[in-house]
Structures are given as C-alpha cells and as structure tokens.
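**Q** Data file my_file.cif (mmCIF, C-alpha atoms and all ligand atoms) is appended below.
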data_start
#
loop_
_atom_site.label_atom_id
_atom_site.label_comp_id
_atom_site.auth_asym_id
_atom_site.auth_seq_id
_atom_site.Cartn_x
_atom_site.Cartn_y
_atom_site.Cartn_z
CA MET U 1 -10.98 36.35 20.07
CA THR U 2 -7.32 37.23 19.97
CA LEU U 3 -4.60 34.76 20.71
CA ASP U 4 -2.12 35.87 23.33
CA LEU U 5 0.99 35.05 21.30
CA GLU U 6 3.35 35.71 24.17
CA ALA U 7 1.51 33.28 26.42
CA ILE U 8 1.29 30.75 23.60
CA ARG U 9 4.96 30.95 22.68
CA SER U 10 6.01 30.62 26.30
CA GLN U 11 4.47 27.13 26.31
CA PHE U 12 6.94 25.91 23.68
CA PRO U 13 10.55 25.81 24.93
CA ALA U 14 11.87 25.12 21.42
CA LEU U 15 10.68 28.52 20.24
CA SER U 16 13.25 30.33 22.35
CA GLU U 17 16.20 28.21 21.21
CA THR U 18 18.92 30.07 19.35
CA ASP U 19 21.94 28.91 17.38
CA ASP U 20 25.00 31.14 17.63
CA GLY U 21 22.67 33.85 18.88
CA VAL U 22 20.30 33.54 15.91
CA ALA U 23 16.65 32.77 16.61
CA ARG U 24 15.08 29.74 14.95
CA LEU U 25 12.13 30.35 12.67
CA TYR U 26 10.06 27.21 12.48
CA PHE U 27 8.19 27.07 9.19
CA ASP U 28 8.70 23.32 8.85
CA ASN U 29 5.52 22.64 10.82
CA PRO U 30 3.59 20.65 8.18
CA ALA U 31 6.33 18.02 8.57
CA GLY U 32 6.08 18.13 12.37
CA THR U 33 5.38 20.77 14.99
CA GLN U 34 7.17 21.70 18.19
CA VAL U 35 5.61 20.59 21.48
CA PRO U 36 4.42 22.53 24.51
CA LYS U 37 6.26 21.66 27.72
CA ARG U 38 3.19 19.89 29.10
CA VAL U 39 3.51 17.27 26.34
CA ALA U 40 7.12 16.43 27.20
CA ASP U 41 6.25 16.43 30.94
CA ALA U 42 3.33 14.04 30.45
CA MET U 43 5.53 11.70 28.44
CA SER U 44 8.33 11.67 30.96
CA GLN U 45 5.88 11.15 33.85
CA CYS U 46 4.45 8.17 32.01
CA LEU U 47 7.89 6.68 31.48
CA LEU U 48 9.10 7.40 34.99
CA ARG U 49 5.98 6.49 36.98
CA ALA U 50 3.67 4.30 34.92
CA ASN U 51 5.92 2.17 32.78
CA ALA U 52 4.17 -1.17 32.41
CA ASN U 53 2.04 -3.15 30.05
CA LEU U 54 -1.74 -3.20 30.41
CA GLY U 55 -3.91 -5.62 32.33
CA GLY U 56 -1.61 -6.52 35.23
CA HIS U 57 -2.66 -6.73 38.88
CA PHE U 58 -0.16 -4.13 40.02
CA ARG U 59 0.12 -0.40 40.42
CA THR U 60 2.13 0.64 37.34
CA SER U 61 -0.16 -1.37 35.10
CA ASP U 62 -3.20 0.41 36.58
CA LEU U 63 -1.53 3.77 36.04
CA ALA U 64 -0.69 2.86 32.43
CA GLY U 65 -4.32 1.80 31.92
CA ALA U 66 -5.53 5.17 33.17
CA ILE U 67 -3.17 6.98 30.78
CA VAL U 68 -4.45 4.96 27.84
CA ALA U 69 -8.11 5.58 28.79
CA ASP U 70 -7.43 9.30 29.15
CA ALA U 71 -5.72 9.42 25.75
CA GLN U 72 -8.71 7.75 24.10
CA GLU U 73 -11.05 10.22 25.73
CA ALA U 74 -8.83 13.10 24.72
CA MET U 75 -8.79 12.04 21.08
CA ALA U 76 -12.56 11.46 21.17
CA ASP U 77 -12.91 15.02 22.46
CA PHE U 78 -10.52 16.34 19.83
CA LEU U 79 -12.46 14.72 16.99
CA ASN U 80 -15.92 14.86 18.55
CA ALA U 81 -16.08 11.07 18.28
CA PRO U 82 -19.23 9.47 19.71
CA SER U 83 -17.13 7.13 21.86
CA PRO U 84 -13.50 6.81 23.06
CA ASP U 85 -13.74 3.14 22.03
CA GLU U 86 -13.56 4.16 18.39
CA ILE U 87 -10.03 5.54 18.74
CA ILE U 88 -7.08 3.39 17.66
CA PHE U 89 -3.48 4.40 18.28
CA GLY U 90 -0.54 3.37 16.17
CA GLN U 91 2.96 4.33 15.18
CA ASN U 92 1.86 6.88 12.59
CA MET U 93 -0.87 7.54 10.04
CA THR U 94 0.92 5.57 7.31
CA SER U 95 1.27 2.34 9.29
CA LEU U 96 -2.32 2.58 10.58
CA THR U 97 -3.56 3.03 7.03
CA PHE U 98 -1.58 0.08 5.68
CA HIS U 99 -2.82 -1.97 8.63
CA VAL U 100 -6.55 -1.21 8.47
CA SER U 101 -6.56 -1.32 4.67
CA ARG U 102 -6.01 -5.09 4.95
CA SER U 103 -9.21 -5.41 6.96
CA ILE U 104 -11.10 -3.12 4.60
CA GLY U 105 -9.77 -5.14 1.66
CA ARG U 106 -11.50 -8.27 3.00
CA HIS U 107 -14.77 -6.50 2.23
CA LEU U 108 -13.96 -5.71 -1.36
CA ASP U 109 -14.39 -7.97 -4.37
CA THR U 110 -12.62 -8.12 -7.69
CA GLY U 111 -14.03 -5.42 -9.93
CA ASP U 112 -15.07 -3.16 -7.05
CA GLU U 113 -13.99 0.44 -7.39
CA ILE U 114 -12.21 2.83 -5.05
CA ILE U 115 -11.73 6.55 -5.57
CA LEU U 116 -8.36 8.12 -4.73
CA SER U 117 -7.41 11.73 -5.07
CA ARG U 118 -4.55 13.47 -6.85
CA MET U 119 -4.45 15.97 -3.99
CA ASP U 120 -3.41 13.44 -1.37
CA HIS U 121 -0.18 12.62 0.42
CA ASP U 122 1.09 9.24 -0.71
CA ALA U 123 0.11 7.73 2.64
CA ASN U 124 -3.52 7.99 1.52
CA VAL U 125 -2.71 6.81 -1.99
CA GLU U 126 -0.22 3.96 -2.17
CA PRO U 127 -1.73 1.73 0.57
CA TRP U 128 -4.92 1.74 -1.52
CA VAL U 129 -3.16 1.33 -4.87
CA LEU U 130 -1.43 -1.76 -3.48
CA LEU U 131 -4.71 -3.01 -2.03
CA ALA U 132 -6.31 -2.56 -5.46
CA ARG U 133 -3.48 -4.52 -7.05
CA ASP U 134 -3.85 -7.38 -4.53
CA HIS U 135 -7.65 -7.60 -4.74
CA GLY U 136 -8.25 -6.77 -8.40
CA LEU U 137 -9.98 -3.47 -7.65
CA THR U 138 -10.32 -0.59 -10.08
CA VAL U 139 -8.88 2.76 -9.00
CA ARG U 140 -10.70 5.90 -10.15
CA TRP U 141 -8.93 9.22 -9.73
CA LEU U 142 -10.41 12.46 -8.46
CA SER U 143 -8.22 15.21 -9.88
CA PHE U 144 -8.04 18.84 -8.85
CA ASP U 145 -8.10 21.92 -11.02
CA THR U 146 -4.50 23.10 -11.32
CA ALA U 147 -5.67 26.69 -11.76
CA THR U 148 -7.88 26.85 -8.67
CA PHE U 149 -6.13 24.09 -6.66
CA GLU U 150 -9.57 22.71 -5.74
CA PHE U 151 -11.71 19.71 -6.59
CA ASP U 152 -14.77 20.09 -8.73
CA LEU U 153 -17.17 17.84 -6.87
CA ARG U 154 -19.22 17.32 -10.03
CA GLN U 155 -16.33 15.11 -11.15
CA LEU U 156 -16.77 13.06 -7.99
CA GLU U 157 -20.45 12.63 -8.78
CA ASP U 158 -19.45 11.22 -12.18
CA LEU U 159 -16.90 8.86 -10.64
CA VAL U 160 -19.24 7.26 -8.12
CA ASN U 161 -21.23 4.30 -9.45
CA GLU U 162 -22.77 1.08 -8.15
CA ARG U 163 -19.33 -0.60 -7.93
CA THR U 164 -17.77 2.18 -5.80
CA ARG U 165 -16.93 1.01 -2.28
CA LEU U 166 -14.51 3.56 -0.85
CA ILE U 167 -13.43 7.18 -1.26
CA CYS U 168 -10.05 8.20 0.22
CA VAL U 169 -9.42 11.91 0.40
CA CYS U 170 -7.58 14.49 2.47
CA ALA U 171 -9.24 17.18 4.52
CA ALA U 172 -6.33 19.49 3.69
CA SER U 173 -3.40 19.19 1.30
CA ASN U 174 0.09 19.01 2.75
CA LEU U 175 1.49 20.82 -0.30
CA THR U 176 -0.99 23.32 -1.71
CA GLY U 177 -2.72 24.00 1.61
CA THR U 178 -6.19 23.59 0.06
CA VAL U 179 -8.92 22.72 2.56
CA ASN U 180 -11.54 20.41 1.10
CA ASP U 181 -15.28 20.32 1.54
CA VAL U 182 -15.15 17.00 3.38
CA LYS U 183 -18.72 17.28 4.52
CA SER U 184 -20.09 17.39 0.98
CA ILE U 185 -17.78 14.58 -0.14
CA CYS U 186 -18.98 12.39 2.75
CA ARG U 187 -22.61 13.25 2.05
CA MET U 188 -22.25 12.17 -1.56
CA ALA U 189 -20.51 8.98 -0.44
CA ARG U 190 -23.15 8.15 2.17
CA GLU U 191 -25.97 8.63 -0.32
CA ALA U 192 -24.24 6.07 -2.54
CA GLY U 193 -23.48 3.66 0.34
CA VAL U 194 -19.74 4.27 -0.02
CA TRP U 195 -17.25 4.36 2.87
CA THR U 196 -15.01 7.42 3.32
CA TYR U 197 -11.44 7.39 4.60
CA ILE U 198 -10.39 10.93 5.52
CA ASP U 199 -6.76 11.94 5.92
CA ALA U 200 -6.94 14.75 8.47
CA VAL U 201 -3.20 14.88 9.16
CA GLN U 202 -2.92 18.42 7.78
CA SER U 203 -6.25 19.78 8.94
CA ALA U 204 -5.83 18.62 12.55
CA PRO U 205 -3.40 21.39 13.60
CA HIS U 206 -5.43 24.16 12.00
CA MET U 207 -9.18 23.73 12.41
CA VAL U 208 -12.01 21.86 14.08
CA ASN U 209 -12.13 18.25 12.84
CA ASP U 210 -15.49 16.83 13.77
CA VAL U 211 -16.12 13.27 12.61
CA GLN U 212 -19.85 13.54 13.31
CA ASP U 213 -20.15 16.75 11.36
CA PHE U 214 -17.99 15.42 8.51
CA GLY U 215 -20.09 12.25 8.41
CA CYS U 216 -17.06 10.13 7.49
CA ASP U 217 -16.40 6.46 8.27
CA PHE U 218 -12.68 6.63 9.05
CA LEU U 219 -10.44 9.56 9.92
CA VAL U 220 -6.71 9.44 10.48
CA CYS U 221 -4.35 12.04 11.92
CA SER U 222 -0.91 12.29 13.47
CA PRO U 223 -0.39 13.98 16.86
CA TYR U 224 3.17 15.01 15.97
CA LYS U 225 1.62 17.41 13.45
CA PHE U 226 -0.56 18.98 16.13
CA PHE U 227 1.93 19.68 18.90
CA GLY U 228 2.04 16.14 20.25
CA PRO U 229 4.51 13.25 20.00
CA HIS U 230 5.30 10.92 17.09
CA GLN U 231 2.21 8.81 16.90
CA GLY U 232 -0.78 8.15 14.66
CA THR U 233 -4.47 7.84 15.47
CA LEU U 234 -7.34 6.29 13.56
CA TRP U 235 -10.99 6.91 14.29
CA GLY U 236 -13.44 4.41 12.84
CA ARG U 237 -17.21 4.52 13.00
CA ARG U 238 -18.24 1.75 15.39
CA GLU U 239 -20.80 0.14 13.04
CA VAL U 240 -18.13 -0.03 10.35
CA LEU U 241 -15.39 -1.32 12.67
CA GLU U 242 -17.80 -4.03 13.78
CA THR U 243 -18.10 -5.32 10.24
CA LEU U 244 -14.32 -5.54 9.72
CA GLU U 245 -12.16 -8.55 10.45
CA PRO U 246 -9.14 -7.36 12.44
CA TYR U 247 -5.67 -8.55 11.46
CA LYS U 248 -4.41 -9.50 14.89
CA VAL U 249 -2.37 -12.05 16.76
CA ARG U 250 -4.46 -14.63 18.62
CA PRO U 251 -3.84 -13.51 22.22
CA ALA U 252 -4.60 -9.84 21.45
CA PRO U 253 -7.97 -8.57 22.72
CA GLU U 254 -11.07 -9.34 20.65
CA ALA U 255 -12.80 -6.11 21.63
CA ILE U 256 -12.96 -2.98 19.51
CA PRO U 257 -10.78 -0.93 19.31
CA TRP U 258 -7.97 -3.07 20.74
CA CYS U 259 -8.34 -5.79 18.13
CA PHE U 260 -7.24 -3.24 15.52
CA ALA U 261 -4.21 -1.97 17.46
CA PRO U 262 -1.05 -3.41 15.94
CA GLY U 263 0.91 -4.67 18.98
CA THR U 264 1.94 -2.86 22.16
CA ALA U 265 1.31 0.85 21.85
CA SER U 266 3.46 3.76 22.98
CA HIS U 267 1.80 4.70 26.27
CA GLU U 268 4.16 7.64 26.63
CA GLY U 269 3.01 8.74 23.18
CA MET U 270 -0.59 8.50 24.30
CA ALA U 271 0.20 10.56 27.41
CA GLY U 272 1.74 13.19 25.16
CA THR U 273 -1.20 13.12 22.75
CA ALA U 274 -3.66 13.69 25.60
CA ALA U 275 -1.50 16.59 26.78
CA ALA U 276 -1.57 18.09 23.27
CA VAL U 277 -5.38 17.96 23.29
CA ASP U 278 -5.35 19.55 26.76
CA TYR U 279 -3.16 22.27 25.32
CA PHE U 280 -5.86 23.14 22.76
CA ALA U 281 -8.41 23.17 25.58
CA TRP U 282 -6.15 25.56 27.48
CA VAL U 283 -6.03 27.88 24.46
CA GLY U 284 -9.81 27.69 24.22
CA GLU U 285 -10.39 28.38 27.88
CA THR U 286 -7.84 31.12 28.42
CA MET U 287 -8.03 32.93 25.09
CA ALA U 288 -11.26 32.12 23.32
CA GLY U 289 -13.95 32.12 26.00
CA GLY U 290 -14.27 28.33 25.86
CA GLU U 291 -16.51 26.99 28.61
CA GLY U 292 -17.85 23.60 29.59
CA ASP U 293 -16.12 20.30 28.96
CA ARG U 294 -12.84 19.61 27.15
CA ARG U 295 -14.63 19.11 23.83
CA GLN U 296 -16.13 22.58 23.97
CA LYS U 297 -12.89 24.19 25.04
CA VAL U 298 -10.94 22.44 22.28
CA ARG U 299 -13.49 23.64 19.74
CA ALA U 300 -13.21 27.22 20.99
CA GLY U 301 -9.40 27.00 20.90
CA MET U 302 -9.35 25.61 17.37
CA GLY U 303 -11.75 28.33 16.23
CA ALA U 304 -9.46 31.06 17.53
CA ILE U 305 -6.41 29.35 16.02
CA ALA U 306 -8.11 29.04 12.62
CA GLU U 307 -9.02 32.72 12.67
CA TYR U 308 -5.47 33.82 13.51
CA GLU U 309 -3.96 31.48 10.94
CA GLN U 310 -6.09 33.06 8.21
CA GLU U 311 -4.25 36.29 8.97
CA LEU U 312 -0.90 34.50 8.74
CA ALA U 313 -1.90 32.85 5.46
CA ARG U 314 -2.99 36.14 3.87
CA HIS U 315 0.17 37.90 4.96
CA LEU U 316 2.40 35.11 3.71
CA VAL U 317 0.66 34.71 0.36
CA GLN U 318 0.61 38.45 -0.31
CA GLY U 319 4.24 38.82 0.70
CA LEU U 320 5.41 35.93 -1.48
CA ARG U 321 3.49 37.19 -4.49
CA ALA U 322 5.20 40.55 -4.21
CA LEU U 323 8.60 38.89 -4.62
CA PRO U 324 10.14 38.54 -8.10
CA GLY U 325 9.72 35.28 -10.05
CA ILE U 326 7.61 33.44 -7.49
CA THR U 327 4.58 31.28 -8.26
CA VAL U 328 2.46 30.30 -5.28
CA GLN U 329 1.38 26.71 -5.89
CA GLY U 330 -1.94 27.09 -4.15
CA ILE U 331 -4.97 29.30 -3.62
CA THR U 332 -4.21 33.02 -3.69
CA ALA U 333 -7.54 34.61 -4.69
CA ALA U 334 -8.81 36.77 -1.85
CA GLU U 335 -12.33 35.35 -2.06
CA ALA U 336 -11.02 31.77 -1.84
CA MET U 337 -8.53 32.23 1.01
CA SER U 338 -10.98 30.75 3.51
CA ARG U 339 -10.63 27.46 1.61
CA ARG U 340 -6.95 27.18 2.32
CA GLY U 341 -4.80 26.74 5.41
CA PRO U 342 -1.55 28.54 6.19
CA THR U 343 0.66 25.93 4.48
CA VAL U 344 2.03 27.68 1.40
CA ALA U 345 4.12 26.08 -1.37
CA PHE U 346 5.92 28.13 -3.98
CA THR U 347 8.28 27.73 -6.91
CA HIS U 348 10.65 30.22 -8.51
CA GLU U 349 11.33 30.75 -12.20
CA GLN U 350 15.11 30.39 -11.74
CA HIS U 351 16.05 28.98 -8.37
CA ALA U 352 15.52 25.33 -7.46
CA PRO U 353 13.36 24.70 -4.37
CA ASP U 354 16.18 22.87 -2.62
CA ASP U 355 18.58 25.79 -3.15
CA ILE U 356 16.05 28.20 -1.70
CA ALA U 357 15.43 25.97 1.34
CA ARG U 358 19.19 25.72 1.89
CA ALA U 359 19.61 29.50 1.68
CA LEU U 360 16.83 29.93 4.24
CA ALA U 361 18.44 27.35 6.55
CA GLU U 362 21.65 29.39 6.49
CA LYS U 363 19.64 32.14 8.20
CA ASN U 364 18.10 29.65 10.62
CA ILE U 365 14.75 29.65 8.84
CA PHE U 366 13.38 26.12 8.59
CA ALA U 367 11.37 25.14 5.52
CA TRP U 368 11.05 21.99 3.43
CA SER U 369 11.53 21.57 -0.28
CA GLY U 370 10.54 18.82 -2.71
CA HIS U 371 7.31 16.95 -3.30
CA ASN U 372 6.85 16.36 0.42
CA TYR U 373 5.40 12.93 -0.39
CA ALA U 374 2.54 14.62 -2.24
CA VAL U 375 3.66 12.82 -5.38
CA GLU U 376 0.36 13.01 -7.24
CA VAL U 377 0.05 16.72 -6.41
CA ALA U 378 3.53 17.52 -7.68
CA LYS U 379 2.88 15.46 -10.83
CA SER U 380 -0.42 17.25 -11.45
CA LEU U 381 1.25 20.64 -11.05
CA GLY U 382 4.12 19.63 -13.36
CA ILE U 383 6.75 20.33 -10.70
CA LEU U 384 7.79 16.79 -9.79
CA GLU U 385 10.78 16.69 -12.13
CA SER U 386 11.94 20.20 -11.27
CA GLY U 387 12.34 19.54 -7.55
CA GLY U 388 8.82 20.17 -6.26
CA ALA U 389 8.29 23.36 -4.30
CA VAL U 390 9.45 25.22 -1.22
CA ARG U 391 6.91 24.68 1.54
CA VAL U 392 6.48 27.29 4.23
CA GLY U 393 4.07 26.20 6.94
CA PRO U 394 3.32 28.59 9.77
CA VAL U 395 1.11 27.50 12.66
CA HIS U 396 -0.52 29.48 15.45
CA TYR U 397 2.73 29.94 17.40
CA ASN U 398 4.29 31.78 14.45
CA THR U 399 4.02 35.54 14.14
CA LEU U 400 3.53 38.09 11.38
CA ALA U 401 7.00 39.39 12.28
CA GLU U 402 8.50 35.97 11.54
CA ILE U 403 6.83 35.99 8.15
CA ASP U 404 8.26 39.44 7.50
CA ARG U 405 11.71 38.11 8.40
CA LEU U 406 11.26 35.22 5.96
CA LEU U 407 10.26 37.61 3.17
CA GLU U 408 13.18 39.89 3.96
CA VAL U 409 15.63 36.98 3.72
CA LEU U 410 14.01 35.61 0.56
CA ASP U 411 14.16 38.85 -1.38
CA PRO U 412 17.94 38.96 -1.98
CA VAL U 413 18.10 35.15 -2.38
CA LEU U 414 15.71 35.33 -5.33
CA ARG U 415 17.21 38.33 -7.10
C1 LIG H 1 -1.51 14.87 4.60
C2 LIG H 1 -0.60 13.84 5.19
N1 LIG H 1 -1.04 12.58 5.26
C3 LIG H 1 -0.30 11.59 5.79
C4 LIG H 1 0.96 11.84 6.27
C5 LIG H 1 1.75 10.72 6.84
O1 LIG H 1 1.69 10.79 8.22
P1 LIG H 1 2.58 9.86 9.15
O2 LIG H 1 3.96 10.40 9.14
O3 LIG H 1 1.92 9.95 10.49
O4 LIG H 1 2.53 8.49 8.60
C6 LIG H 1 1.49 13.13 6.21
C7 LIG H 1 2.85 13.42 6.67
O5 LIG H 1 3.44 14.39 6.31
C8 LIG H 1 0.67 14.16 5.66
O6 LIG H 1 1.10 15.42 5.59
#
For this file, produce the structure as structure tokens.
**A**
Amino acid sequence: MTLDLEAIRSQFPALSETDDGVARLYFDNPAGTQVPKRVADAMSQCLLRANANLGGHFRTSDLAGAIVADAQEAMADFLNAPSPDEIIFGQNMTSLTFHVSRSIGRHLDTGDEIILSRMDHDANVEPWVLLARDHGLTVRWLSFDTATFEFDLRQLEDLVNERTRLICVCAASNLTGTVNDVKSICRMAREAGVWTYIDAVQSAPHMVNDVQDFGCDFLVCSPYKFFGPHQGTLWGRREVLETLEPYKVRPAPEAIPWCFAPGTASHEGMAGTAAAVDYFAWVGETMAGGEGDRRQKVRAGMGAIAEYEQELARHLVQGLRALPGITVQGITAAEAMSRRGPTVAFTHEQHAPDDIARALAEKNIFAWSGHNYAVEVAKSLGILESGGAVRVGPVHYNTLAEIDRLLEVLDPVLR
C-alpha cells in the first residue's frame, strides 16, 4: 500500500502555487487543509446549478435536496454512521457544539458532573464550562501526563461516579498530536451510563473514524480540516438525539436531524464535503486496493494515509530532535509513535515560537505558532505564557523532501 504522491498532489492545485518562484510548503494543515479540485468544482456546480432552498416544487430545489442527501450519505460513509439521518451540518465544530450543548444541558441537573480534558481544543472545553456554570454542574478534569503526553485512563476510572453524565474528549490533540484510545474511554463511559462527546476534528484527516467502533454518543469534525470546505458536522446516536429537545425556530422541521440544524445550511459546503469524502474513496480505490462501496473505499484510503503519515511523523520528529535547543512537545518514543499523528509541536530554548514561525514564512514555509486554542494543553505544558509552540502539521500530500527542506531552513534560524 503505497500512496502515489504525484497523483495525489496533482489533485490539489494549491500545491503547485509559487510566490516569486518559491514553492509553498503547507505545514499549516491542522488549522485547515488545501482542497482537491473536485471539492471546488462540486461547490461551484452547486452554486451555479442548484442554488435554492429545500422543499420547493421546482427543479433547483430538487437538485439542492439531492446534494444535501448525498452529503449526509457521504458523511455517514466517512464515519461509518448507522444512518445518514444522524448527520447534522453546521457552520463549524464550535458553533455546533455550543448549539447542541444547550439541548444536552436540558438533561442535566444541578450537581451533575461532566468530565472535560486538559488535552482538548477550547471548542470542546469552554462550551461545557459555560454550560456547567449555567446549570450548576460540577466539572471534573482529566489531565494528561506531561512526560508521556498521554492520559492515564485509571484517572478516568477514578473520576467517573454516579453523578457523571458526560465525558468530552478529543480523539487527537491539535497541539501535541497525541491520538487517544477513544474506544476504551467510550467503553468505560457506556458501562457507567455516561454519554461521550468526541472531538474528532484532528483525527478526521489522518485515520479511520468509526462511530460504531468507537461506541461514542456524539462525534464532531470539520471538513475544512480534511480537504473539504469550511463547515462543521455533528454525528449523534439516534437514540440519544431522540431524547434531546432541539433548540429550533417553530417552522423548522421537527424530524431528526433537521430539528438540530441551526438555520439554512451551506449547500455548497455540503457539496464540497461530499466531494472530500469521495476524494478519500478515490485514494482507497486507486492506491489501496479498496473495493466495494464508498465506505469500504474510504476505509482503505484512510488506512493507506495513516500508514504513510506515520513515516512523515517519524521523519519529522527525528529531524527536529536532531536540531539544537528544540523540545518536541509531544510523543517521541519510538515504541509510542503509533499513538500520535503527524502534527508536531515544538519549543526552542531561546527563540520564541512566533519568531520561528515568521522566519519560516519568509522562506514560504507555512506553520502556526501559539497555543492554537489548546489553552488547557499549553497551560499544562507550562508554555502558555512563553508563546505556546511552533506547530508543524504535515498531511498525506506532504513529502519527506518537504520535511527535509523545513529542517534545512530551521537549522540556521535556531543557531
Ligand atoms: C481539535 C479541534 N477541535 C475543534 C476545533 C474547532 O473547529 P471549528 O473551527 O470547526 O470550530 C479545532 C480547530 O482548530 C480543533 O483543532
């Protein structure tokens, strides 16, 4: 299973852009990926040929309806959801989480407990902290070991009690790159009758995300992080969605999932999201022996991508560690590399993260610096006040040669 990098890169027009003759190196992917041409085409076709609201008696409305149905099916395939009717689209993960948290809050009583993690992006923290404030809930914190960058799930066992109602945790960290054992977390939650809200924004571009295998109750992700347009999606287990009271305007549909959709959706975004899922299926079919339906092809594609990205992660981590004064703020131990993704954050003993990111940008290498909204992570690591970290996030369209170029540019910057 080897990815054909040339064929892959040819799908993404942005990858061949240059500025004053200098190639762009996109390592800013954890903040948002580039899109294959098919995504932009699907979006423009939607806008040019099917631009109408849903439920009308005319052609464009029918076409828009078909686009929406296809997008729901695509996301159900992407996440191995039992039904496309469990997929809710919204502006982004953050707004969906704020929105559905109101409905979840109706189920919680004063004194109930929720468990949040110190490894999460603030979008899976602050909506729940505010909910706890409004409903008189107690927040319990699952911390991670700052030496191993992983949770110790025995701590989770200690945190769960008869008042626990909800566990909110990420599948992968957007700063350290750690990939969590979501399946075990969800199993522990289920055994205690606790709902799980999984932030899969950073795992979605890198690995198979299977809601049935995870055994979670909610899962959120953002297509713009996995080669699609700016949009968010929420999967909710049907039995759980059925128990929630939707916050909706009166004329909006009563049926699940539409009752949870906050207002008119971006149909062009949905068209692009479906095209992004089709892109993964294309990778699976053409490069990873994927056969059968879209679900199977997507799974094969994600498997091949995950395998290749392990190689990128190893190369990047090893290369960074060989540079003077660098601390990788994430898993580096060879035996634990399979529990991390290719997103790598680092700090330097002298140079501020922002200065390093600026020096890289001067060479047309794109990387983010700061806490990257992972406020609790940066606090836990003691790097919040010193400017966070530099975050380098390759994805499957990046190459080992690009990583070498990054390391070559970094070396003199750090000396
Ligand atoms: C792990 C994680 N969760 C949530 C978010 C927020 O996603 P959105 O921009 O779709 O609200 C991000 C964005 O960077 C993220 O990395």
**Q** For ligand LIG 1 (chain H), return the neighbouring residues as a list in words (distance at most 6 Å; all atoms listed in the file).
**A**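 Residues lying within 6 Å of ligand LIG 1 (chain H): Ala31, Asn92, Met93, Thr94, His121, Ala123, Ser173, Asn174, Asp199, Val201, Gln202, Ser222 and Gly232 of chain U.
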**Q** Name the residues, using the chain letters and numbers of the file, that sit within 12 Å of (-10.4, 34.2, -1.9) when counting all atoms listed in the file, and give them as a PDB file with C-alpha atoms, keeping the file's coordinate frame.
**A**
ATOM      1  CA  THR U 148      -7.880  26.850  -8.670  1.00  0.00           C
ATOM      2  CA  PHE U 149      -6.130  24.090  -6.660  1.00  0.00           C
ATOM      3  CA  THR U 178      -6.190  23.590   0.060  1.00  0.00           C
ATOM      4  CA  GLN U 310      -6.090  33.060   8.210  1.00  0.00           C
ATOM      5  CA  ALA U 313      -1.900  32.850   5.460  1.00  0.00           C
ATOM      6  CA  ARG U 314      -2.990  36.140   3.870  1.00  0.00           C
ATOM      7  CA  VAL U 317       0.660  34.710   0.360  1.00  0.00           C
ATOM      8  CA  GLN U 318       0.610  38.450  -0.310  1.00  0.00           C
ATOM      9  CA  GLY U 330      -1.940  27.090  -4.150  1.00  0.00           C
ATOM     10  CA  ILE U 331      -4.970  29.300  -3.620  1.00  0.00           C
ATOM     11  CA  THR U 332      -4.210  33.020  -3.690  1.00  0.00           C
ATOM     12  CA  ALA U 333      -7.540  34.610  -4.690  1.00  0.00           C
ATOM     13  CA  ALA U 334      -8.810  36.770  -1.850  1.00  0.00           C
ATOM     14  CA  GLU U 335     -12.330  35.350  -2.060  1.00  0.00           C
ATOM     15  CA  ALA U 336     -11.020  31.770  -1.840  1.00  0.00           C
ATOM     16  CA  MET U 337      -8.530  32.230   1.010  1.00  0.00           C
ATOM     17  CA  SER U 338     -10.980  30.750   3.510  1.00  0.00           C
ATOM     18  CA  ARG U 339     -10.630  27.460   1.610  1.00  0.00           C
ATOM     19  CA  ARG U 340      -6.950  27.180   2.320  1.00  0.00           C
ATOM     20  CA  GLY U 341      -4.800  26.740   5.410  1.00  0.00           C
TER      21      GLY U 341
END
**Q** State, in Å with one decimal place, the distance from atom CA of U:Ala200 to atom CA of U:Val390.
**A**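 Spanning atom CA of U:Ala200 to atom CA of U:Val390 is a straight-line distance of 21.7 Å.
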**Q** Pick out the closest residue to U:Leu108 from this set: U:Leu244, U:Ile326, U:Leu5, U:Ala171. Count all atoms listed in the file.
**A** U:Leu244
**Q** As a PyMOL selection string, please: the residues near U:Val129 (cut-off 9 Å, only C-alpha atoms, same-chain neighbours under 6 positions excluded).
**A** chain U and resi 116+137+139
**Q** Of the residues U:Leu131, U:Leu166, U:Ala76, U:Leu384, which is the one nearest to U:Ile115, using only C-alpha atoms?
**A**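 Using only C-alpha atoms, the shortest distance to U:Ile115 belongs to U:Leu166.
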**Q** In Å, how far is it from atom CA of U:Ser184 to atom CA of U:Glu291?
**A**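 Taking atom CA of U:Ser184 as the start and atom CA of U:Glu291 as the end point, the length is 29.5 Å.
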**Q** If you measure from atom CA of U:Tyr197 to atom CA of U:Glu309, what distance in Å do you get, rounded to one decimal?
**A**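 Answer for the atom CA of U:Tyr197 to atom CA of U:Glu309 separation: 26.0 Å.
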**Q** Could you model N, CA and C atoms for stretch 387-398 of chain U and present them as a CSV table (one decimal), in the frame of the given file?
**A**
chain,number,residue,atom,x,y,z
U,387,GLY,N,12.0,19.4,-9.0
U,387,GLY,CA,12.3,19.5,-7.6
U,387,GLY,C,11.2,19.9,-6.6
U,388,GLY,N,10.0,19.9,-7.1
U,388,GLY,CA,8.8,20.2,-6.3
U,388,GLY,C,8.7,21.7,-6.0
U,389,ALA,N,8.5,22.0,-4.7
U,389,ALA,CA,8.3,23.4,-4.3
U,389,ALA,C,9.0,23.6,-3.0
U,390,VAL,N,9.1,24.9,-2.6
U,390,VAL,CA,9.4,25.2,-1.2
U,390,VAL,C,8.2,25.3,-0.4
U,391,ARG,N,8.1,24.7,0.7
U,391,ARG,CA,6.9,24.7,1.5
U,391,ARG,C,7.2,25.4,2.8
U,392,VAL,N,6.4,26.5,3.0
U,392,VAL,CA,6.5,27.3,4.2
U,392,VAL,C,5.2,27.1,5.0
U,393,GLY,N,5.3,26.6,6.2
U,393,GLY,CA,4.1,26.2,6.9
U,393,GLY,C,4.0,26.8,8.3
U,394,PRO,N,3.5,28.0,8.4
U,394,PRO,CA,3.3,28.6,9.8
U,394,PRO,C,2.2,27.9,10.5
U,395,VAL,N,2.2,27.9,11.8
U,395,VAL,CA,1.1,27.5,12.7
U,395,VAL,C,0.8,28.6,13.6
U,396,HIS,N,-0.1,28.4,14.6
U,396,HIS,CA,-0.5,29.5,15.4
U,396,HIS,C,0.5,30.0,16.4
U,397,TYR,N,1.7,29.3,16.6
U,397,TYR,CA,2.7,29.9,17.4
U,397,TYR,C,3.7,30.8,16.6
U,398,ASN,N,3.5,30.9,15.3
U,398,ASN,CA,4.3,31.8,14.4
U,398,ASN,C,3.7,33.2,14.4
